[in-house]
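Note: the block below is my_file39.pdb and it holds PDB, C-alpha atoms.
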ATOM      1  CA  MET A 121      12.256 -11.078 -62.394
ATOM      2  CA  ASN A 122      11.503 -14.595 -61.121
ATOM      3  CA  LYS A 123      14.900 -14.669 -59.425
ATOM      4  CA  MET A 124      13.886 -11.608 -57.405
ATOM      5  CA  LYS A 125      10.608 -13.136 -56.208
ATOM      6  CA  LYS A 126      12.080 -16.284 -54.613
ATOM      7  CA  PRO A 127      14.121 -14.532 -51.861
ATOM      8  CA  VAL A 128      11.189 -12.245 -51.096
ATOM      9  CA  LEU A 129       8.807 -15.187 -50.748
ATOM     10  CA  THR A 130      11.300 -17.053 -48.586
ATOM     11  CA  ILE A 131      11.669 -14.145 -46.157
ATOM     12  CA  ALA A 132       7.912 -13.708 -45.959
ATOM     13  CA  SER A 133       7.469 -17.394 -45.184
ATOM     14  CA  LEU A 134      10.036 -17.240 -42.376
ATOM     15  CA  CYS A 135       8.261 -14.262 -40.827
ATOM     16  CA  LEU A 136       5.046 -16.258 -40.666
ATOM     17  CA  VAL A 137       6.605 -19.469 -39.354
ATOM     18  CA  LEU A 138       8.969 -17.945 -36.762
ATOM     19  CA  PRO A 139       6.285 -16.901 -34.209
ATOM     20  CA  VAL A 140       4.763 -20.395 -34.346
ATOM     21  CA  LEU A 141       8.132 -22.051 -33.726
ATOM     22  CA  CYS A 142       8.885 -19.690 -30.844
ATOM     23  CA  ALA A 143       5.562 -20.442 -29.216
ATOM     24  CA  CYS A 144       6.364 -24.142 -29.361
ATOM     25  CA  MET A 145       9.736 -23.478 -27.730
ATOM     26  CA  ALA A 146       8.056 -21.932 -24.679
ATOM     27  CA  GLY A 147       7.316 -25.341 -23.230
ATOM     28  CA  GLN A 148       4.653 -26.397 -20.752
ATOM     29  CA  SER A 149       4.174 -28.855 -17.910
ATOM     30  CA  GLY A 150       1.600 -30.076 -15.412
ATOM     31  CA  LYS A 151      -1.540 -31.186 -17.192
ATOM     32  CA  GLY A 152      -0.024 -30.333 -20.539
ATOM     33  CA  SER A 153      -2.556 -27.653 -21.413
ATOM     34  CA  ALA A 154      -1.316 -24.745 -23.538
ATOM     35  CA  GLN A 155      -3.105 -21.902 -21.778
ATOM     36  CA  ASP A 156      -1.638 -18.891 -23.512
ATOM     37  CA  THR A 157      -4.646 -16.618 -23.223
ATOM     38  CA  ALA A 158      -5.566 -14.475 -20.239
ATOM     39  CA  LEU A 159      -7.553 -16.235 -17.530
ATOM     40  CA  PRO A 160     -10.953 -15.009 -16.269
ATOM     41  CA  SER A 161     -10.951 -12.139 -13.791
ATOM     42  CA  ALA A 162     -11.654 -12.690 -10.106
ATOM     43  CA  SER A 163     -15.224 -13.212  -9.068
ATOM     44  CA  ALA A 164     -16.539 -12.752  -5.534
ATOM     45  CA  THR A 165     -19.253 -15.326  -6.281
ATOM     46  CA  ALA A 166     -16.793 -18.192  -6.757
ATOM     47  CA  GLN A 167     -17.522 -21.084  -4.404
ATOM     48  CA  PRO A 168     -14.765 -22.535  -2.160
ATOM     49  CA  GLY A 169     -13.001 -25.356  -3.977
ATOM     50  CA  GLY A 170     -15.186 -24.774  -7.013
ATOM     51  CA  ASP A 171     -14.543 -22.111  -9.635
ATOM     52  CA  LYS A 172     -11.011 -20.959 -10.243
ATOM     53  CA  LEU A 173     -10.262 -17.564  -8.709
ATOM     54  CA  GLU A 174      -7.872 -15.351 -10.675
ATOM     55  CA  LEU A 175      -5.573 -13.127  -8.619
ATOM     56  CA  SER A 176      -4.131 -10.224 -10.578
ATOM     57  CA  SER A 177      -3.279  -7.578  -7.984
ATOM     58  CA  ILE A 178      -3.587  -6.858  -4.263
ATOM     59  CA  GLU A 179      -5.596  -3.708  -4.923
ATOM     60  CA  GLU A 180      -8.247  -5.475  -7.020
ATOM     61  CA  MET A 181      -8.385  -8.714  -5.010
ATOM     62  CA  GLU A 182     -11.884 -10.020  -4.293
ATOM     63  CA  VAL A 183     -12.427 -12.894  -1.865
ATOM     64  CA  LEU A 184     -15.308 -14.738  -0.305
ATOM     65  CA  ALA A 185     -16.361 -14.213   3.307
ATOM     66  CA  PRO A 186     -13.493 -14.921   5.716
ATOM     67  CA  LEU A 187     -13.494 -17.778   8.198
ATOM     68  CA  THR A 188     -15.542 -17.156  11.322
ATOM     69  CA  THR A 189     -12.817 -18.443  13.668
ATOM     70  CA  PRO A 190      -9.826 -16.134  14.229
ATOM     71  CA  PHE A 191      -6.323 -17.606  14.498
ATOM     72  CA  ASP A 192      -3.180 -16.621  16.373
ATOM     73  CA  ASN A 193      -0.708 -18.407  14.118
ATOM     74  CA  ILE A 194      -0.371 -19.667  10.540
ATOM     75  CA  ILE A 195       1.822 -22.550   9.428
ATOM     76  CA  ILE A 196       2.483 -23.189   5.751
ATOM     77  CA  GLY A 197       2.273 -26.974   5.644
ATOM     78  CA  LYS A 198       2.753 -29.145   2.576
ATOM     79  CA  PHE A 199       3.568 -27.439  -0.719
ATOM     80  CA  THR A 200       3.328 -30.153  -3.350
ATOM     81  CA  SER A 201       3.351 -30.550  -7.137
ATOM     82  CA  ASN A 202       3.632 -33.385  -9.612
ATOM     83  CA  ARG A 203       6.954 -34.776 -10.780
ATOM     84  CA  GLN A 204       6.848 -32.986 -14.132
ATOM     85  CA  ILE A 205       6.444 -29.574 -12.518
ATOM     86  CA  GLN A 206       9.216 -30.353 -10.036
ATOM     87  CA  THR A 207      11.498 -31.236 -12.945
ATOM     88  CA  ASP A 208      10.622 -28.272 -15.154
ATOM     89  CA  TYR A 209      10.356 -25.659 -12.391
ATOM     90  CA  PRO A 210      12.342 -26.921  -9.363
ATOM     91  CA  LYS A 211      12.353 -23.535  -7.586
ATOM     92  CA  ALA A 212       8.719 -22.578  -8.165
ATOM     93  CA  ALA A 213       7.249 -23.944  -4.919
ATOM     94  CA  ARG A 214      10.120 -22.584  -2.799
ATOM     95  CA  ASP A 215       9.992 -19.095  -4.333
ATOM     96  CA  CYS A 216       6.220 -18.964  -3.983
ATOM     97  CA  GLU A 217       6.288 -20.187  -0.369
ATOM     98  CA  GLN A 218       8.914 -17.647   0.701
ATOM     99  CA  GLN A 219       6.786 -14.758  -0.539
ATOM    100  CA  ILE A 220       3.642 -16.172   1.084
ATOM    101  CA  VAL A 221       5.391 -16.159   4.467
ATOM    102  CA  LYS A 222       6.747 -12.633   3.911
ATOM    103  CA  GLN A 223       3.353 -11.262   2.915
ATOM    104  CA  LEU A 224       1.611 -12.885   5.873
ATOM    105  CA  SER A 225       4.334 -11.619   8.209
ATOM    106  CA  ALA A 226       3.563  -8.095   7.037
ATOM    107  CA  ASN A 227       0.157  -8.521   8.676
ATOM    108  CA  LYS A 228       0.886  -7.591  12.294
ATOM    109  CA  GLY A 229      -2.206  -9.372  13.622
ATOM    110  CA  TYR A 230      -0.671 -12.865  13.684
ATOM    111  CA  LYS A 231       1.708 -13.911  16.452
ATOM    112  CA  HIS A 232       3.677 -16.449  14.429
ATOM    113  CA  ILE A 233       4.068 -17.211  10.702
ATOM    114  CA  THR A 234       6.275 -20.105   9.638
ATOM    115  CA  ALA A 235       6.824 -22.747   6.977
ATOM    116  CA  THR A 236       8.262 -25.219   9.516
ATOM    117  CA  ASN A 237       5.696 -27.948  10.129
ATOM    118  CA  SER A 238       7.319 -29.265  13.308
ATOM    119  CA  LYS A 239       6.759 -26.076  15.302
ATOM    120  CA  LYS A 240       3.921 -25.751  17.785
ATOM    121  CA  PHE A 241       2.560 -22.481  19.130
ATOM    122  CA  ALA A 242       0.223 -21.421  21.892
ATOM    123  CA  GLY A 243      -3.237 -20.373  20.769
ATOM    124  CA  LYS A 244      -5.144 -21.358  17.655
ATOM    125  CA  THR A 245      -3.078 -22.261  14.616
ATOM    126  CA  ALA A 246      -4.207 -22.535  10.998
ATOM    127  CA  VAL A 247      -2.285 -24.876   8.705
ATOM    128  CA  VAL A 248      -2.251 -24.074   4.983
ATOM    129  CA  ASP A 249      -1.469 -26.850   2.511
ATOM    130  CA  LEU A 250      -0.830 -25.944  -1.116
ATOM    131  CA  ASN A 251      -0.502 -27.866  -4.363
ATOM    132  CA  ILE A 252       0.653 -26.579  -7.755
ATOM    133  CA  VAL A 253      -1.989 -27.962 -10.098
ATOM    134  CA  ASP A 254      -0.563 -26.595 -13.345
ATOM    135  CA  MET A 255       1.875 -23.963 -14.547
ATOM    136  CA  ARG A 256       3.779 -22.752 -17.576
ATOM    137  CA  ILE A 257       6.657 -20.302 -17.690
ATOM    138  CA  ALA A 258       7.687 -18.996 -21.112
ATOM    139  CA  SER A 259      11.403 -19.618 -21.528
ATOM    140  CA  GLY A 260      13.865 -16.778 -22.062
ATOM    141  CA  ALA A 261      14.660 -18.003 -25.564
ATOM    142  CA  ALA A 262      10.999 -18.200 -26.514
ATOM    143  CA  ARG A 263      10.309 -14.725 -25.171
ATOM    144  CA  MET A 264      13.375 -13.273 -26.892
ATOM    145  CA  TRP A 265      12.584 -14.711 -30.306
ATOM    146  CA  GLY A 266       8.798 -14.854 -30.170
ATOM    147  CA  GLY A 267       7.974 -11.903 -27.934
ATOM    148  CA  ALA A 268       4.254 -11.806 -27.160
ATOM    149  CA  PHE A 269       3.721 -14.734 -29.560
ATOM    150  CA  ALA A 270       5.377 -16.998 -26.954
ATOM    151  CA  GLY A 271       2.149 -16.704 -24.954
ATOM    152  CA  SER A 272       1.367 -15.932 -21.331
ATOM    153  CA  SER A 273       2.965 -17.588 -18.336
ATOM    154  CA  PHE A 274       0.510 -18.872 -15.727
ATOM    155  CA  MET A 275       0.310 -20.756 -12.435
ATOM    156  CA  GLU A 276      -2.553 -22.524 -10.644
ATOM    157  CA  VAL A 277      -2.411 -23.492  -6.965
ATOM    158  CA  THR A 278      -4.984 -25.189  -4.740
ATOM    159  CA  VAL A 279      -5.093 -23.787  -1.201
ATOM    160  CA  LYS A 280      -6.497 -25.823   1.696
ATOM    161  CA  VAL A 281      -6.824 -24.463   5.223
ATOM    162  CA  ARG A 282      -7.278 -26.625   8.325
ATOM    163  CA  LYS A 283      -6.844 -26.316  12.069
ATOM    164  CA  ALA A 284      -3.565 -27.624  13.503
ATOM    165  CA  GLY A 285      -4.005 -31.225  14.634
ATOM    166  CA  SER A 286      -7.038 -31.773  12.401
ATOM    167  CA  LYS A 287      -7.382 -33.149   8.877
ATOM    168  CA  LYS A 288     -10.733 -31.440   8.268
ATOM    169  CA  VAL A 289     -10.468 -28.769   5.560
ATOM    170  CA  ILE A 290     -12.254 -25.583   6.598
ATOM    171  CA  HIS A 291     -11.454 -23.623   3.427
ATOM    172  CA  GLN A 292     -10.430 -24.692  -0.055
ATOM    173  CA  GLN A 293      -9.931 -22.655  -3.223
ATOM    174  CA  LEU A 294      -8.194 -23.019  -6.574
ATOM    175  CA  LEU A 295      -6.205 -19.832  -7.190
ATOM    176  CA  SER A 296      -4.546 -18.792 -10.433
ATOM    177  CA  THR A 297      -2.546 -15.977 -11.926
ATOM    178  CA  SER A 298      -1.092 -15.145 -15.331
ATOM    179  CA  ASN A 299       1.020 -12.412 -16.835
ATOM    180  CA  ASN A 300       0.413 -10.230 -19.864
ATOM    181  CA  ALA A 301       2.304 -11.621 -22.866
ATOM    182  CA  TRP A 302       2.844  -8.183 -24.410
ATOM    183  CA  ALA A 303       4.104  -6.693 -21.145
ATOM    184  CA  ALA A 304       6.382  -9.692 -20.658
ATOM    185  CA  ALA A 305       7.828  -9.183 -24.115
ATOM    186  CA  TYR A 306       8.401  -5.493 -23.405
ATOM    187  CA  SER A 307      10.201  -6.299 -20.127
ATOM    188  CA  GLY A 308      12.390  -8.949 -21.712
ATOM    189  CA  GLY A 309      10.636 -11.808 -19.911
ATOM    190  CA  SER A 310      11.270 -10.600 -16.345
ATOM    191  CA  SER A 311       7.612 -11.087 -15.373
ATOM    192  CA  ASP A 312       7.818 -14.680 -16.627
ATOM    193  CA  GLN A 313      10.654 -15.643 -14.303
ATOM    194  CA  SER A 314       9.231 -13.763 -11.296
ATOM    195  CA  LEU A 315       5.744 -15.239 -11.634
ATOM    196  CA  PRO A 316       6.063 -17.819  -8.768
ATOM    197  CA  SER A 317       7.321 -15.115  -6.379
ATOM    198  CA  ASP A 318       4.703 -12.614  -7.537
ATOM    199  CA  PHE A 319       1.992 -15.238  -7.081
ATOM    200  CA  GLY A 320       3.289 -15.935  -3.568
ATOM    201  CA  ILE A 321       2.649 -12.306  -2.612
ATOM    202  CA  LEU A 322      -0.909 -12.541  -3.933
ATOM    203  CA  ILE A 323      -1.573 -15.858  -2.172
ATOM    204  CA  GLY A 324      -0.216 -14.423   1.076
ATOM    205  CA  GLU A 325      -2.580 -11.471   0.815
ATOM    206  CA  TYR A 326      -5.473 -13.804  -0.042
ATOM    207  CA  LEU A 327      -4.786 -15.893   3.070
ATOM    208  CA  ALA A 328      -4.584 -12.753   5.216
ATOM    209  CA  LYS A 329      -8.066 -11.803   4.014
ATOM    210  CA  ILE A 330      -9.521 -15.294   4.461
ATOM    211  CA  ILE A 331      -7.930 -16.170   7.842
ATOM    212  CA  PRO A 332      -8.834 -13.538  10.453
ATOM    213  CA  ALA A 333      -6.165 -12.678  13.017
ATOM    214  CA  LYS A 334      -7.115 -13.090  16.654
TER     215      LYS A 334
END

Reformat the file's structure so that it appears as structure tokens.
Amino acid sequence: MNKMKKPVLTIASLCLVLPVLCACMAGQSGKGSAQDTALPSASATAQPGGDKLELSSIEEMEVLAPLTTPFDNIIIGKFTSNRQIQTDYPKAARDCEQQIVKQLSANKGYKHITATNSKKFAGKTAVVDLNIVDMRIASGAARMWGGAFAGSSFMEVTVKVRKAGSKKVIHQQLLSTSNNAWAAAYSGGSSDQSLPSDFGILIGEYLAKIIPAK
């Protein structure tokens, strides 16, 4: 009878330990914070540069009052991150930036949208500088073995808007997004890997709402 109990206990122990190990495999970077839970929802009362504003969808996006000055053009300026994020997620900034430009280009009100800093356009131009403050993407292995226990993937980006030729920031906000761990597990981790691109679409829409077209 005792011989029967040992294998059963061993299997039960593995079932309890496996999710923990998989969560550890997910990895993290940036500030090193393990933010696996869902972030707060967007709040229209968030102050510029103050509280973090969660972006979850275009349809439910809430923003503060837009800038009073309309602009003809938008240039995506610097898109920075720390060395650890660049090492762990080398394509994150590029993928996010590409979708920001595409989403802004879908707004027919602007004359020019570009990520090339050297270009100059007629009319008023807004320059948007971005910085990835923190992010974590659950790895494919972690999602496969741990499923929802691997935690949520998330990304936080600071957005600063200024007029071309000026260093004065006229709008600043910390934006964030995160995916649903259970949905990510159901989709095989596809929403983990697409998070930077998905966030780019949301940031582009946010900028379109904040920066009025002339």

*Minimum-distance residue to Lys334 (chain A), chosen among A:Ile321, A:Ala226, A:Ala246, A:Ile196 (using only C-alpha atoms)*: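 Result for the nearest residue to Lys334 (chain A): A:Ala246.
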
*Given the file shown, determine the residues that the PyMOL selection byres ((chain A and resi 292) around 12) selects; report them as a ChimeraX atom specification.*
/A:166-173,184,186-187,247-251,277-282,288-291,293-295,326-327,330-331

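Between CA of His232 (chain A) and CA of Ser317 (chain A) there is a distance of 21.2 Å.
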
*CA of Met255 (chain A) and CA of Phe274 (chain A), how far apart in Å?*
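Atom-to-atom, CA of Phe274 (chain A) to CA of Met255 (chain A), that is 5.4 Å.
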
_Result set, the PyMOL selection byres ((chain A and resi 296) around 6) on current file, as a list in words_ =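 Applied to this file, the PyMOL selection byres ((chain A and resi 296) around 6) selects Glu174, Met275, Glu276, Leu295 and Thr297 of chain A.
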
*Excluding same-chain residues fewer than 4 positions from Gly229 (chain A), what lies within 12 Å of it counting all atoms listed in the file, as an MDAnalysis selection string?*
chainID A and resid 190:194 224:225 233 328:329 331:334

*For CA of Glu180 (chain A) and CA of Ser310 (chain A), quote the distance in Å rounded to one decimal.*
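Taking CA of Glu180 (chain A) and CA of Ser310 (chain A), their separation equals 22.2 Å.
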
*asked:* Please enumerate the residues selected by the PyMOL selection byres ((chain A and resi 216) around 9) when evaluated against the supplied file, formatted as a PyMOL selection string.
replied: chain A and resi 211-215+217-221+315-321+323

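Of the residues under consideration (A:Ile178, A:Ile195, A:Ile257, A:Ala284), A:Ile195 shows the shortest atom-to-atom contact distance to Tyr230 (chain A) when counting only C-alpha atoms.
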
Could region 236-253 of chain A be completed with N, CA, C and O atoms and returned as a JSON list (two decimals), in the frame of the given file?
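Okay, this is what ended up in result-v1.json:
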[["chain", "number", "residue", "atom", "x", "y", "z"],
["A", 236, "THR", "N", 7.71, -24.04, 8.84],
["A", 236, "THR", "CA", 8.26, -25.22, 9.52],
["A", 236, "THR", "C", 7.14, -26.00, 10.18],
["A", 236, "THR", "O", 6.53, -25.52, 11.16],
["A", 237, "ASN", "N", 6.84, -27.17, 9.65],
["A", 237, "ASN", "CA", 5.70, -27.95, 10.13],
["A", 237, "ASN", "C", 5.85, -28.46, 11.55],
["A", 237, "ASN", "O", 4.86, -28.71, 12.25],
["A", 238, "SER", "N", 7.09, -28.65, 12.00],
["A", 238, "SER", "CA", 7.32, -29.26, 13.31],
["A", 238, "SER", "C", 7.06, -28.32, 14.48],
["A", 238, "SER", "O", 6.96, -28.76, 15.62],
["A", 239, "LYS", "N", 6.94, -27.04, 14.22],
["A", 239, "LYS", "CA", 6.76, -26.08, 15.30],
["A", 239, "LYS", "C", 5.32, -26.07, 15.82],
["A", 239, "LYS", "O", 4.37, -26.27, 15.08],
["A", 240, "LYS", "N", 5.22, -25.85, 17.14],
["A", 240, "LYS", "CA", 3.92, -25.75, 17.78],
["A", 240, "LYS", "C", 3.86, -24.45, 18.57],
["A", 240, "LYS", "O", 4.83, -24.05, 19.22],
["A", 241, "PHE", "N", 2.71, -23.77, 18.48],
["A", 241, "PHE", "CA", 2.56, -22.48, 19.13],
["A", 241, "PHE", "C", 1.34, -22.49, 20.04],
["A", 241, "PHE", "O", 0.40, -23.27, 19.85],
["A", 242, "ALA", "N", 1.38, -21.60, 21.02],
["A", 242, "ALA", "CA", 0.22, -21.42, 21.89],
["A", 242, "ALA", "C", -0.88, -20.71, 21.12],
["A", 242, "ALA", "O", -0.61, -19.91, 20.23],
["A", 243, "GLY", "N", -2.12, -20.99, 21.46],
["A", 243, "GLY", "CA", -3.24, -20.37, 20.77],
["A", 243, "GLY", "C", -3.71, -21.21, 19.60],
["A", 243, "GLY", "O", -3.26, -22.34, 19.38],
["A", 244, "LYS", "N", -4.59, -20.64, 18.80],
["A", 244, "LYS", "CA", -5.14, -21.36, 17.66],
["A", 244, "LYS", "C", -4.25, -21.17, 16.43],
["A", 244, "LYS", "O", -3.86, -20.05, 16.11],
["A", 245, "THR", "N", -3.97, -22.29, 15.77],
["A", 245, "THR", "CA", -3.08, -22.26, 14.62],
["A", 245, "THR", "C", -3.77, -22.80, 13.38],
["A", 245, "THR", "O", -4.40, -23.88, 13.43],
["A", 246, "ALA", "N", -3.67, -22.07, 12.29],
["A", 246, "ALA", "CA", -4.21, -22.54, 11.00],
["A", 246, "ALA", "C", -3.05, -23.09, 10.18],
["A", 246, "ALA", "O", -1.98, -22.50, 10.11],
["A", 247, "VAL", "N", -3.28, -24.24, 9.57],
["A", 247, "VAL", "CA", -2.28, -24.88, 8.70],
["A", 247, "VAL", "C", -2.76, -24.76, 7.26],
["A", 247, "VAL", "O", -3.91, -25.12, 6.96],
["A", 248, "VAL", "N", -1.90, -24.26, 6.40],
["A", 248, "VAL", "CA", -2.25, -24.07, 4.98],
["A", 248, "VAL", "C", -1.43, -25.04, 4.13],
["A", 248, "VAL", "O", -0.20, -24.98, 4.12],
["A", 249, "ASP", "N", -2.12, -25.92, 3.44],
["A", 249, "ASP", "CA", -1.47, -26.85, 2.51],
["A", 249, "ASP", "C", -1.74, -26.38, 1.10],
["A", 249, "ASP", "O", -2.86, -25.99, 0.76],
["A", 250, "LEU", "N", -0.70, -26.44, 0.25],
["A", 250, "LEU", "CA", -0.83, -25.94, -1.12],
["A", 250, "LEU", "C", -0.35, -26.99, -2.11],
["A", 250, "LEU", "O", 0.54, -27.80, -1.81],
["A", 251, "ASN", "N", -0.91, -26.96, -3.29],
["A", 251, "ASN", "CA", -0.50, -27.87, -4.36],
["A", 251, "ASN", "C", -0.53, -27.13, -5.70],
["A", 251, "ASN", "O", -1.53, -26.51, -6.05],
["A", 252, "ILE", "N", 0.60, -27.19, -6.42],
["A", 252, "ILE", "CA", 0.65, -26.58, -7.76],
["A", 252, "ILE", "C", -0.04, -27.53, -8.72],
["A", 252, "ILE", "O", 0.44, -28.62, -9.00],
["A", 253, "VAL", "N", -1.19, -27.12, -9.20],
["A", 253, "VAL", "CA", -1.99, -27.96, -10.10],
["A", 253, "VAL", "C", -1.43, -27.93, -11.52],
["A", 253, "VAL", "O", -1.33, -28.96, -12.19]]
